[in-house]
$ cat entry16.txt   # compact mmCIF, C-alpha atoms
# COMPACT_ATOMS: atom_id res chain seq x y z
CA MET A 66 87.78 75.34 56.76
CA PRO A 67 88.35 77.69 53.81
CA PHE A 68 85.55 78.85 51.57
CA VAL A 69 85.69 77.68 47.94
CA PHE A 70 85.58 81.36 46.94
CA PRO A 71 85.53 84.60 48.97
CA PRO A 72 82.11 85.20 50.58
CA ALA A 73 80.09 88.23 49.52
CA PRO A 74 80.50 91.37 51.63
CA GLN A 75 78.10 91.76 54.54
CA ALA A 76 75.03 93.80 53.54
CA SER A 77 74.71 96.78 55.85
CA VAL A 78 72.96 100.10 56.48
CA GLY A 79 74.47 103.27 57.89
CA VAL A 80 73.62 104.78 61.26
CA ALA A 81 72.66 108.44 61.55
CA GLY A 82 75.44 110.58 62.99
CA SER A 83 77.87 107.66 63.24
CA ALA A 84 80.48 105.77 61.25
CA ALA A 85 79.01 102.50 62.53
CA LEU A 86 77.18 100.09 60.23
CA PHE A 87 74.12 97.97 60.99
CA PRO A 88 74.60 94.46 59.51
CA VAL A 89 71.52 93.22 57.64
CA HIS A 90 70.35 89.66 58.29
CA ARG A 91 66.97 89.43 56.53
CA ILE A 92 64.49 91.86 54.98
CA TYR A 93 60.81 91.26 55.75
CA CYS A 94 58.03 93.31 54.16
CA VAL A 95 54.39 93.69 55.21
CA GLY A 96 51.80 93.75 52.45
CA ARG A 97 48.81 96.12 52.32
CA ASN A 98 49.23 97.62 55.79
CA TYR A 99 47.42 100.96 55.24
CA VAL A 100 43.65 100.99 54.69
CA GLU A 101 43.67 103.35 51.71
CA HIS A 102 46.51 101.50 49.99
CA ALA A 103 44.67 98.21 50.51
CA LYS A 104 41.66 99.79 48.81
CA GLU A 105 43.66 101.06 45.84
CA MET A 106 45.04 97.52 45.43
CA GLY A 107 41.49 96.11 45.43
CA HIS A 108 41.17 95.00 49.04
CA SER A 109 39.58 96.30 52.23
CA GLY A 110 39.24 95.49 55.90
CA ARG A 111 41.73 94.55 58.61
CA GLU A 112 42.90 91.26 57.20
CA ALA A 113 45.60 89.34 59.04
CA PRO A 114 49.02 90.68 58.10
CA PHE A 115 50.98 88.83 55.44
CA PHE A 116 54.67 89.00 54.64
CA PHE A 117 57.12 88.61 51.80
CA MET A 118 60.91 88.90 51.73
CA LYS A 119 63.71 90.55 49.84
CA PRO A 120 67.34 89.36 49.82
CA ALA A 121 69.55 91.09 52.36
CA ASP A 122 71.74 92.45 49.58
CA ALA A 123 68.76 94.15 47.94
CA VAL A 124 69.44 97.06 50.31
CA LEU A 125 70.57 100.27 48.64
CA PRO A 126 71.95 102.35 51.52
CA VAL A 127 71.90 106.12 51.00
CA ALA A 128 73.85 108.39 53.32
CA ALA A 129 72.21 111.38 54.99
CA GLY A 130 71.98 114.29 52.56
CA ALA A 131 73.19 112.19 49.63
CA LEU A 132 71.39 111.37 46.39
CA GLY A 133 71.37 107.62 45.87
CA ARG A 134 71.17 106.06 42.43
CA MET A 135 68.95 103.12 41.55
CA PRO A 136 69.41 101.66 38.06
CA TYR A 137 66.15 101.17 36.18
CA PRO A 138 65.62 97.39 36.21
CA SER A 139 65.36 95.33 33.06
CA MET A 140 62.34 93.11 32.41
CA THR A 141 59.79 95.75 33.44
CA ALA A 142 57.83 98.67 32.07
CA ASP A 143 56.20 99.55 35.40
CA LEU A 144 58.63 100.35 38.22
CA GLN A 145 56.64 101.74 41.17
CA HIS A 146 57.54 103.43 44.46
CA GLU A 147 56.30 102.49 47.94
CA ILE A 148 57.49 104.72 50.80
CA GLU A 149 57.73 102.90 54.13
CA LEU A 150 58.84 103.05 57.74
CA VAL A 151 61.62 100.51 58.27
CA VAL A 152 62.08 98.86 61.66
CA ALA A 153 65.52 97.47 62.55
CA ILE A 154 65.60 94.56 65.00
CA GLY A 155 68.34 94.62 67.63
CA GLU A 156 67.20 91.76 69.87
CA GLY A 157 65.91 88.53 68.39
CA GLY A 158 63.11 86.29 69.56
CA ARG A 159 60.27 83.96 68.69
CA ASP A 160 56.56 84.26 69.59
CA ILE A 161 57.13 87.77 70.91
CA ALA A 162 54.17 89.35 72.69
CA ALA A 163 53.02 92.69 71.28
CA ALA A 164 53.42 94.22 74.74
CA ASP A 165 57.13 93.29 74.68
CA ALA A 166 57.83 93.86 70.99
CA LEU A 167 59.22 97.39 71.03
CA ARG A 168 62.13 96.43 73.27
CA HIS A 169 63.37 94.30 70.34
CA VAL A 170 63.67 97.38 68.10
CA TRP A 171 67.12 98.89 67.57
CA GLY A 172 66.07 101.80 65.39
CA TYR A 173 64.05 103.16 62.49
CA ALA A 174 64.69 104.44 58.96
CA VAL A 175 62.98 105.75 55.84
CA GLY A 176 62.83 103.10 53.12
CA LEU A 177 61.44 102.41 49.68
CA ASP A 178 59.96 99.07 48.68
CA MET A 179 60.50 99.40 44.93
CA THR A 180 58.23 97.13 42.95
CA LEU A 181 58.03 95.83 39.39
CA ARG A 182 54.26 96.07 39.33
CA ASP A 183 53.77 94.36 35.99
CA LEU A 184 55.79 91.33 37.07
CA GLN A 185 54.08 91.25 40.46
CA GLY A 186 50.65 91.51 38.82
CA GLU A 187 51.38 88.64 36.44
CA ALA A 188 52.62 86.50 39.33
CA LYS A 189 49.42 87.21 41.27
CA LYS A 190 47.27 86.13 38.32
CA LEU A 191 49.17 82.86 38.03
CA GLY A 192 49.29 82.21 41.77
CA ARG A 193 53.08 82.37 41.75
CA PRO A 194 55.57 83.95 44.19
CA TRP A 195 56.32 87.67 43.93
CA CYS A 196 60.11 87.24 44.01
CA THR A 197 60.85 88.72 40.57
CA GLY A 198 58.58 91.70 41.23
CA LYS A 199 59.83 92.48 44.74
CA GLY A 200 63.25 90.94 45.39
CA PHE A 201 65.39 92.31 42.58
CA GLU A 202 68.72 94.13 42.98
CA HIS A 203 68.58 97.58 44.64
CA SER A 204 64.86 97.10 45.40
CA ALA A 205 65.21 98.33 49.00
CA PRO A 206 66.69 101.86 49.11
CA ILE A 207 67.08 102.95 52.72
CA GLY A 208 68.33 105.98 54.59
CA PRO A 209 70.46 105.89 57.75
CA LEU A 210 69.02 104.17 60.80
CA THR A 211 68.08 106.37 63.74
CA PRO A 212 68.49 104.58 67.10
CA VAL A 213 65.31 104.25 69.15
CA ALA A 214 66.55 106.63 71.85
CA GLU A 215 67.01 109.37 69.25
CA ALA A 216 63.89 108.76 67.16
CA GLY A 217 61.33 110.20 69.56
CA ASP A 218 57.63 109.42 69.35
CA LEU A 219 56.77 108.25 65.83
CA GLY A 220 53.19 107.31 66.66
CA ALA A 221 51.48 109.83 64.36
CA ALA A 222 54.52 111.00 62.38
CA ALA A 223 53.94 112.16 58.81
CA ILE A 224 55.21 109.89 56.03
CA THR A 225 55.56 111.44 52.58
CA LEU A 226 57.00 110.91 49.12
CA THR A 227 57.55 113.36 46.28
CA VAL A 228 58.71 112.65 42.73
CA ASN A 229 60.56 115.52 41.08
CA GLY A 230 59.13 117.75 43.82
CA ALA A 231 55.49 116.79 43.15
CA PRO A 232 53.56 115.07 45.99
CA ARG A 233 52.77 111.39 45.43
CA GLN A 234 52.23 109.74 48.83
CA ARG A 235 51.23 111.29 52.16
CA SER A 236 49.87 109.76 55.35
CA THR A 237 50.70 109.30 59.03
CA LEU A 238 52.07 106.28 60.84
CA ASP A 239 49.01 105.99 63.07
CA LYS A 240 47.14 104.82 59.96
CA LEU A 241 49.06 101.56 59.86
CA ILE A 242 46.53 98.72 60.04
CA TRP A 243 48.96 96.70 62.16
CA ASN A 244 51.27 98.91 64.19
CA VAL A 245 54.96 98.18 64.74
CA ALA A 246 54.48 96.13 67.91
CA GLU A 247 51.67 94.07 66.41
CA THR A 248 53.66 93.49 63.22
CA ILE A 249 56.67 92.20 65.16
CA ALA A 250 54.41 89.93 67.22
CA HIS A 251 52.78 88.43 64.11
CA LEU A 252 56.06 88.04 62.21
CA SER A 253 57.75 86.30 65.16
CA ARG A 254 55.14 83.55 65.03
CA TYR A 255 56.53 82.48 61.65
CA TYR A 256 60.24 83.27 61.99
CA ASP A 257 62.96 83.42 64.58
CA LEU A 258 63.69 87.14 64.45
CA ARG A 259 67.37 87.97 64.77
CA PRO A 260 69.49 91.05 65.30
CA GLY A 261 70.02 92.63 61.89
CA ASP A 262 66.53 91.94 60.55
CA LEU A 263 64.79 94.82 58.78
CA ILE A 264 61.00 95.08 58.58
CA PHE A 265 59.45 97.28 55.88
CA THR A 266 56.09 98.03 57.48
CA GLY A 267 53.90 98.83 54.47
CA THR A 268 53.08 101.81 52.29
CA PRO A 269 50.24 104.33 52.23
CA GLU A 270 48.12 105.10 49.20
CA GLY A 271 49.47 106.89 46.13
CA VAL A 272 51.84 104.30 44.67
CA ALA A 273 52.65 105.02 41.04
CA ALA A 274 55.23 104.48 38.33
CA VAL A 275 58.58 106.23 37.95
CA VAL A 276 60.87 106.51 34.94
CA GLU A 277 64.56 107.06 34.34
CA GLY A 278 65.70 110.46 35.56
CA ASP A 279 63.02 110.81 38.24
CA VAL A 280 64.18 111.93 41.68
CA LEU A 281 62.28 110.45 44.63
CA GLU A 282 62.37 112.07 48.05
CA GLY A 283 60.78 110.18 50.92
CA ALA A 284 60.59 111.45 54.46
CA ILE A 285 59.26 110.47 57.86
CA GLU A 286 58.88 113.12 60.52
CA GLY A 287 61.72 112.66 63.01
CA LEU A 288 63.79 110.38 60.77
CA GLY A 289 64.94 112.70 58.00
CA ALA A 290 64.76 112.17 54.24
CA LEU A 291 65.79 109.60 51.64
CA ARG A 292 66.62 110.83 48.12
CA VAL A 293 67.05 108.46 45.18
CA ARG A 294 67.49 109.10 41.46
CA ILE A 295 66.23 106.46 39.02
CA GLY A 296 68.67 105.48 36.29
$ encode --input "entry16.txt" --output "structure tokens"
Amino acid sequence: MPFVFPPAPQASVGVAGSAALFPVHRIYCVGRNYVEHAKEMGHSGREAPFFFMKPADAVLPVAAGALGRMPYPSMTADLQHEIELVVAIGEGGRDIAAADALRHVWGYAVGLDMTLRDLQGEAKKLGRPWCTGKGFEHSAPIGPLTPVAEAGDLGAAAITLTVNGAPRQRSTLDKLIWNVAETIAHLSRYYDLRPGDLIFTGTPEGVAAVVEGDVLEGAIEGLGALRVRIG
């Protein structure tokens, strides 16, 4: 049967060193998954992980070595950066055990969970969803995916972000409250994970606002860098 109008193009992310594209199914994000970030957001302790989502077409893929461009969104005066490890799912499943979770991973990338903090904060106060503060267009810049076999051991890899060359965020992946395997296990209790899903695993401390003209450079040891200009 024909569609009533042409469907939107498939959202996708590039693959490091390849012309291949990784088709994006869903984007899941983990909230407050580093201890120090949880503290700066007014929380503490190892609470159970919680999740929110972005539309698949919120991805803003940036090629290796390129400078991506993210338009400054309307309706906000407080656009903030959150540097994150992104996990790409290559094998789906439900109720996945943590011990088996890593075999479901296709690869990893450097990503930014861009946030309209003022809209998110107002939604929190009113007990409303975060969609307008988290799921807007271009809110998920991401570098090329590195396949698992090429990524090496990321266990204690450094994760950093600079803005105009000045350090903003710095931590290591072993400071995740819920590691990658545990995150996949928890998430798969709520959703049928599918090939093409992306999981933004949370951000370390140091989130702050950016303005038009700022250049963000995020990096994870072993996965390269992601560069994005605002505006």
$ closest_residue --input "entry16.txt" --among "A:Leu219, A:Cys196, A:Ala121, A:Ala85" --to "Ala73 (chain A)" --atoms "all atoms listed in the file"
A:Ala121
$ closest_residue --input "entry16.txt" --among "A:Tyr173, A:Glu215, A:Asp122, A:Leu144" --to "Ala274 (chain A)" --atoms "only C-alpha atoms"
A:Leu144
$ residues_near_point --input "entry16.txt" --point "(63.5, 82.5, 66.9)" --cutoff "9 Å" --atoms "all atoms listed in the file" --output "list in words"
Gly157, Gly158, Arg159, Asp160, Ser253, Arg254, Tyr255, Tyr256, Asp257, Leu258 and Arg259 of chain A
$ axis_aligned_box --input "entry16.txt" --around "region 266-281 of chain A" --padding-each-side "4 Å" --output "lines of an AutoDock Vina configuration file"
center_x = 56.9
center_y = 105.0
center_z = 45.9
size_x = 25.6
size_y = 21.9
size_z = 31.1
$ residues_around --input "entry16.txt" --residues "Gly176 (chain A)" --least-positions-apart "3" --cutoff "7 Å" --atoms "all atoms listed in the file" --output "ChimeraX atom specification"
/A:148-151,205-208
$ write_last_selection --input "entry16.txt" --atoms "C-alpha atoms" --output "PDB file, in the coordinates of the input"
ATOM      1  CA  ILE A 148      57.490 104.720  50.800  1.00  0.00           C
ATOM      2  CA  GLU A 149      57.730 102.900  54.130  1.00  0.00           C
ATOM      3  CA  LEU A 150      58.840 103.050  57.740  1.00  0.00           C
ATOM      4  CA  VAL A 151      61.620 100.510  58.270  1.00  0.00           C
ATOM      5  CA  ALA A 205      65.210  98.330  49.000  1.00  0.00           C
ATOM      6  CA  PRO A 206      66.690 101.860  49.110  1.00  0.00           C
ATOM      7  CA  ILE A 207      67.080 102.950  52.720  1.00  0.00           C
ATOM      8  CA  GLY A 208      68.330 105.980  54.590  1.00  0.00           C
TER       9      GLY A 208
END
$ atom_distance --input "entry16.txt" --atom1 "CA of Leu281 (chain A)" --atom2 "CA of Met140 (chain A)"
21.2 Å
$ atom_distance --input "entry16.txt" --atom1 "CA of Gly133 (chain A)" --atom2 "CA of Gly96 (chain A)"
24.9 Å
$ closest_residue --input "entry16.txt" --among "A:Lys190, A:Lys199, A:Lys240, A:Arg182" --to "Met118 (chain A)" --atoms "all atoms listed in the file"
A:Lys199
$ closest_residue --input "entry16.txt" --among "A:Glu187, A:Glu277, A:Asp165, A:Asp218" --to "Glu247 (chain A)" --atoms "all atoms listed in the file"
A:Asp165
$ residues_around --input "entry16.txt" --residues "Val275 (chain A)" --least-positions-apart "2" --cutoff "7 Å" --atoms "all atoms listed in the file" --output "list in words"
Leu144, Gln145, Ala273 and Asp279 of chain A
